[in-house]
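S.K.: Sending over a structure as structure tokens; questions will come in a sec.
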Amino acid sequence: MFLLESYPIAVLFCVITMLCWGSWGNTQKAAGKTWRFELFYWDYVLGVLLMSLIFAFTLGSHGEWGRGFCADLSQASPQSLGWAFAGGVVFNIANIMLVAAIAIAGMSVAFPVGIGLALVLGVILNYLADQSGNAALLFGGVALVTVAILLNARAYGQLPQDEENSGGASKKKGLILAILCGVLMSLFYYFVASSLAKVEVSGTLWDLTAANMQKDGAILQAGKLTPYTANVIFALGVFVSSFLVLPFLMAKPVVGTPVALSEYFRGSCQEHAWGIVGGCIWAVGMSLNVIAAGVASPAVSYGLGQGATLIAAIWGVFIWREFKAAPQSTGKILAAMFLCFLIGLTLIIWTKL
């Protein structure tokens with residue numbers, strides 16, 4: 001299988017993750033003109049699973065190091081499979097809660113509470129599990145990214161009320177959903193990271209990198225998963241849990257009227273394609289992020305990945321022109337937000353330099 005040796009390349013993979021995680025929502029925005037989110041999400045989870053399998057049977061099955069996907073899957077322990085699968089289930093529930101919170105309370109409540117809480121708790125949890133790198137730089141960067149997310153929320157809060165809140169539902173309900181989303185979103189990456197194999201050299205565990213695989217007597221941990229296998233099992237968790245969560249959401253949507261499953265099969269090829277493409281884009285980011293974690297550490301990989309809010313903000317500000325109706329003072333808030341993002345992400349990158 002393909003493994004990373006270079007930290008700069010690992011950072012590049014994490015930056016691509018940011019681009020993917022911050023951009024996939026554009027496909028839902030494009031499809032949303034005619035296609036309900038609940039229907040879009042069926043195709044989205046299918047795209048996540050499809051792309052994870054493509055990575056597993058290409059980069060995950062060819063190369064000099066480690067085990068190929070099929071061999072790795074056959075030796076995996078139930079515990080490792082369970083960790084990765086649970087990560088997919090937890091992520092899926094958290095992701096749906098985030099969308100529901102946005103629909104109820106708007107971006108100004110959902111993003112700072114949901115994504116901000118997930119970023120802080122997730123980095124802390126992953127760092128405690130693998131204390132690699134400069135903690136002061138890591139948490140300093142996380143603090144600045146959190147400030148940037150709060151500034152982003154402040155900017156959204158200055159939008160006219162009819163653009164900010166798309167329903168009459170209680171903001172208190174949206175706040176509760178955002179908090180639950182943040183807690184669950186902070187856990188999913190820890191679950192996936194717990195399933196990943198390291199390299200054992202004479203009884204000592206090393207990060208999963210090609211450089212360590214070249215050491216004499218290096219053995220990949222038995223029972224644990226390569227990044228590619230973990231990613232597929234994670235995607236299965238996302239896919240399978242959708243059959244439990246989505247029917248309930250379709251019957252009792254947070255916004256709008258109930259939608260029947262039969263409407264999914266009446267969708268056009270273009271409407272279905274948007275969802276699959278969106279899932280594939282998100283899964284490319286997840287795949288590269290898990291591969292990078294062996295070199296960059298789970299805390300750094302997760303922290304940089306959640307910087308996707310910066311990319312989403314760029315799309316919203318410069319492409320979709322979401323702030324065109326906001327007062328002029330909003331421009332200064334957005335400028336401060338971008339500055340905090342850039343400095344914060346730079347500090348996170350420096351964590352392991």
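Letters for chains follow the order of the structure tokens (A, B, ...), residue numbers begin at 1 for each chain, and ligand numbers begin at 1 in the order shown.
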Which residues of segment 224-305 of chain A sit at most 9 Å from segment 97-117 of chain A, using only C-alpha atoms? Give each one's shortest atom pair and distance in Å (one decimal place), in chain and ascending residue order, as a tab-separated table.

M.R.:
residue	atom	partner	partner_atom	distance
A:Pro253	CA	A:Ala100	CA	8.6
A:Val254	CA	A:Ala100	CA	6.2
A:Val255	CA	A:Ala103	CA	6.7

S.K.: What's around segment 150-162 of chain A at 12 Å? Count only C-alpha atoms, leave out sequence neighbours fewer than 4 positions away in its own chain, and write the answer as number ranges by chain.

M.R.: A: 102, 105-117, 143-146, 166-168, 309-314, 316-317, 321-341

S.K.: Go ahead and compute the interatomic distance for atom CA of Phe239 of chain A and atom CA of Val48 of chain A, in Å to one decimal.

M.R.: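 Those two atoms sit 8.1 Å apart.
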
S.K.: Find the residues around Gly278 of chain A up to 6 Å (only C-alpha atoms counted), leave out those fewer than 6 positions away in its own chain, and share them as a list in words.

M.R.: Trp24, Thr27 and Tyr44 of chain A

S.K.: Would you export the selected residues with N, CA and C atoms as a JSON list (two decimals), in the first residue's frame, please?

M.R.:
[["chain", "number", "residue", "atom", "x", "y", "z"],
["A", 24, "TRP", "N", -17.68, 20.37, -0.29],
["A", 24, "TRP", "CA", -18.71, 19.40, -0.70],
["A", 24, "TRP", "C", -20.11, 19.98, -0.55],
["A", 27, "THR", "N", -22.32, 21.12, -3.51],
["A", 27, "THR", "CA", -23.15, 20.20, -4.30],
["A", 27, "THR", "C", -24.58, 20.15, -3.74],
["A", 44, "TYR", "N", -25.37, 11.07, -1.08],
["A", 44, "TYR", "CA", -24.13, 11.53, -0.43],
["A", 44, "TYR", "C", -23.42, 10.36, 0.27]]

S.K.: Under the rule that only C-alpha atoms are counted, which of A:Cys280, A:Ala30, A:Met286, A:Leu342 is the nearest residue to Val45 of chain A?

M.R.: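 Using only C-alpha atoms, Val45 of chain A sits closest to A:Cys280.
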
S.K.: What does the distance from atom CA of Ser6 of chain A to atom CA of Phe188 of chain A come to in Å, to one decimal?

M.R.: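 Separation between atom CA of Ser6 of chain A and atom CA of Phe188 of chain A: 25.5 Å.
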
S.K.: As a PDB file with C-alpha atoms, in the first residue's frame, which residues of segment 167-339 of chain A does DSSP assign to strand (DSSP E or B)?

M.R.:
ATOM      1  CA  LEU A 196      -5.262   2.307  12.989  1.00  0.00           C
ATOM      2  CA  VAL A 199       4.596  -0.351  13.055  1.00  0.00           C
ATOM      3  CA  GLU A 200       6.232  -2.502  15.724  1.00  0.00           C
ATOM      4  CA  VAL A 201      10.047  -2.603  15.672  1.00  0.00           C
ATOM      5  CA  THR A 204       8.539  -0.510  20.097  1.00  0.00           C
ATOM      6  CA  LEU A 205       5.574   1.073  18.321  1.00  0.00           C
ATOM      7  CA  TRP A 206       6.296   3.545  15.528  1.00  0.00           C
ATOM      8  CA  ALA A 218       9.395  -3.929  11.226  1.00  0.00           C
ATOM      9  CA  ILE A 219       5.997  -5.572  11.619  1.00  0.00           C
ATOM     10  CA  LEU A 220       2.593  -3.999  11.096  1.00  0.00           C
ATOM     11  CA  LEU A 225      -6.196  -1.582  10.324  1.00  0.00           C
TER      12      LEU A 225
END

S.K.: Quick one: everything within 9 Å of Gly279 of chain A, counting only C-alpha atoms, minus sequence neighbours fewer than 2 positions away in the same chain. Send it as a list in words.

M.R.: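 Surrounding residues, per the criterion: Trp24, Tyr41, Asp43, Tyr44, Val45, Leu46, Gly47, Val48, Leu49, Leu50, Met51, Trp274, Gly275, Ile276, Val277, Ile281, Trp282, Ala283 and Val284 of chain A.
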
S.K.: I need the chosen residues saved as a PDB file, in the first residue's frame, with C-alpha atoms.

M.R.:
ATOM      1  CA  TRP A  24     -18.706  19.403  -0.697  1.00  0.00           C
ATOM      2  CA  TYR A  41     -28.164  12.591   1.701  1.00  0.00           C
ATOM      3  CA  ASP A  43     -26.692   9.721  -2.587  1.00  0.00           C
ATOM      4  CA  TYR A  44     -24.134  11.527  -0.433  1.00  0.00           C
ATOM      5  CA  VAL A  45     -23.506   8.473   1.791  1.00  0.00           C
ATOM      6  CA  LEU A  46     -23.326   6.287  -1.315  1.00  0.00           C
ATOM      7  CA  GLY A  47     -20.606   8.565  -2.692  1.00  0.00           C
ATOM      8  CA  VAL A  48     -18.660   8.356   0.591  1.00  0.00           C
ATOM      9  CA  LEU A  49     -18.680   4.551   0.447  1.00  0.00           C
ATOM     10  CA  LEU A  50     -17.820   4.444  -3.264  1.00  0.00           C
ATOM     11  CA  MET A  51     -14.769   6.694  -2.931  1.00  0.00           C
ATOM     12  CA  TRP A 274     -24.931  15.967  -7.131  1.00  0.00           C
ATOM     13  CA  GLY A 275     -25.246  13.830  -4.006  1.00  0.00           C
ATOM     14  CA  ILE A 276     -22.791  11.167  -5.182  1.00  0.00           C
ATOM     15  CA  VAL A 277     -20.250  13.807  -6.223  1.00  0.00           C
ATOM     16  CA  ILE A 281     -15.509  14.946  -2.503  1.00  0.00           C
ATOM     17  CA  TRP A 282     -15.914  14.578   1.271  1.00  0.00           C
ATOM     18  CA  ALA A 283     -14.476  11.039   1.181  1.00  0.00           C
ATOM     19  CA  VAL A 284     -11.372  12.148  -0.741  1.00  0.00           C
TER      20      VAL A 284
END

S.K.: Please, what distance in Å, to one decimal, runs between atom CA of Leu180 of chain A and atom CA of Ala118 of chain A?

M.R.: 9.6 Å

S.K.: Please provide as a VMD selection string all residues within 6 Å of Thr351 of chain A, with the sequence filter that same-chain residues fewer than 3 positions apart are discarded (counting only C-alpha atoms).

M.R.: chain A and resid 133 to 134 137 to 138 348

S.K.: Could you check the closest approach to Val90 of chain A for each of A:Ser297, A:Ser268, A:Val183, A:Ala260 and tell me which residue wins, using only C-alpha atoms?

M.R.: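 Counting only C-alpha atoms, the residue closest to Val90 of chain A is A:Val183.
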
S.K.: Please determine, counting only C-alpha atoms, which residue among A:Phe191, A:Met1, A:Thr17, A:Pro8 has the shortest atom-to-atom distance to Ser61 of chain A.

M.R.: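 Looking at the shortest contact to Ser61 of chain A, the residue is A:Met1.
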
S.K.: Among the residues of segment 32-165 of chain A, find those DSSP assigns to alpha helix (DSSP H) from the backbone and print them as a ChimeraX atom specification.

M.R.: /A:37-57,69-75,78-105,107-110,116-129,135-157,161-164

S.K.: Env of Thr58 of chain A: 10 Å cut, atoms = only C-alpha atoms, seq-sep filter 3 positions within chain, self excluded. Answer as a compact mmCIF listing (two decimals) with C-alpha atoms, in the first residue's frame.

M.R.:
# COMPACT_ATOMS: atom_id res chain seq x y z
CA MET A 1 0.00 0.00 0.00
CA PHE A 2 0.99 3.63 -0.35
CA LEU A 53 -13.54 1.60 -1.89
CA ILE A 54 -11.74 3.25 -4.81
CA PHE A 55 -8.91 4.30 -2.46
CA SER A 61 -3.74 -2.46 -2.45
CA HIS A 62 -0.58 -1.55 -4.35
CA GLY A 63 2.84 -0.55 -3.06
CA GLY A 68 -3.07 -4.82 0.90
CA PHE A 69 -6.72 -4.02 1.59
CA TYR A 228 -7.51 2.41 3.76

S.K.: Which is closest to Leu119 of chain A among A:Ala293, A:Leu249, A:Leu175, A:Leu184, if we use only C-alpha atoms?

M.R.: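 Counting only C-alpha atoms, the residue closest to Leu119 of chain A is A:Leu184.
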
S.K.: Find, counting only C-alpha atoms, the residue in A:Gly32, A:Ser195, A:Asn26, A:Gln270 that gets nearest to Ile319 of chain A.

M.R.: A:Asn26

S.K.: Nearest residue to Phe248 of chain A out of A:Ala84, A:Ile96, A:Leu59, A:Val15, using only C-alpha atoms?

M.R.: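 So, comparing all the options, the nearest one is A:Ile96.
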